[in-house]
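Data first, discussion second: the structure below is written as structure tokens.
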Amino acid sequence: MYEELFNLTTNFIVLFRKNVKKYNISLSQGLILLSIGAQKKSMTYLSKKLGLDPSTMTRNISKLEKKHLVYRERSEEDSR
């Protein structure tokens with residue numbers, strides 16, 4: 001069973017990487033897009049969900065923003 005799960009995960013990553021490369025984005029940027037989905041998510045939520053440092057998340061979101069794949073809205077509850 002372990003080997004089957006490992007192969008499935010490896011195959012997913014290989015296929016996913018090939019697909020995101022078409023859009024000139026990294027694997028982690030593709031995973032961010034998958035995690036966001038159609039609903040609003042906070043940067044903190046995404047960082048924790050994907051296990052990324054907040055500065056890495058900010059850098060990736062900025063790159064995705066420049067490609068018009070995401071947009072950010074300032075939270076009314078957070079004055080930062």
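We name chains A, B, ... following the order of the structure tokens; residues begin at 1 in each chain, and ligands are numbered from 1 as shown.
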
(message) Neighbouring residues of region 20-33 of chain A were defined as those with any atom within 12 Å, considering only C-alpha atoms; residues of the same chain fewer than 2 positions away were excluded. Please report them as a PyMOL selection string.
(response) chain A and resi 12-18+35-43+45-52+56-71

(request) Apply DSSP to the backbone of this structure and, from chain A, keep only the residues in helix (DSSP H, G or I); write these as a ChimeraX atom specification. (result) /A:2-21,27-36,43-50,54-66

(request) Report the distance between CA of Glu77 (chain A) and CA of Asp53 (chain A) in Å, rounded to one decimal place. (result) 22.0 Å
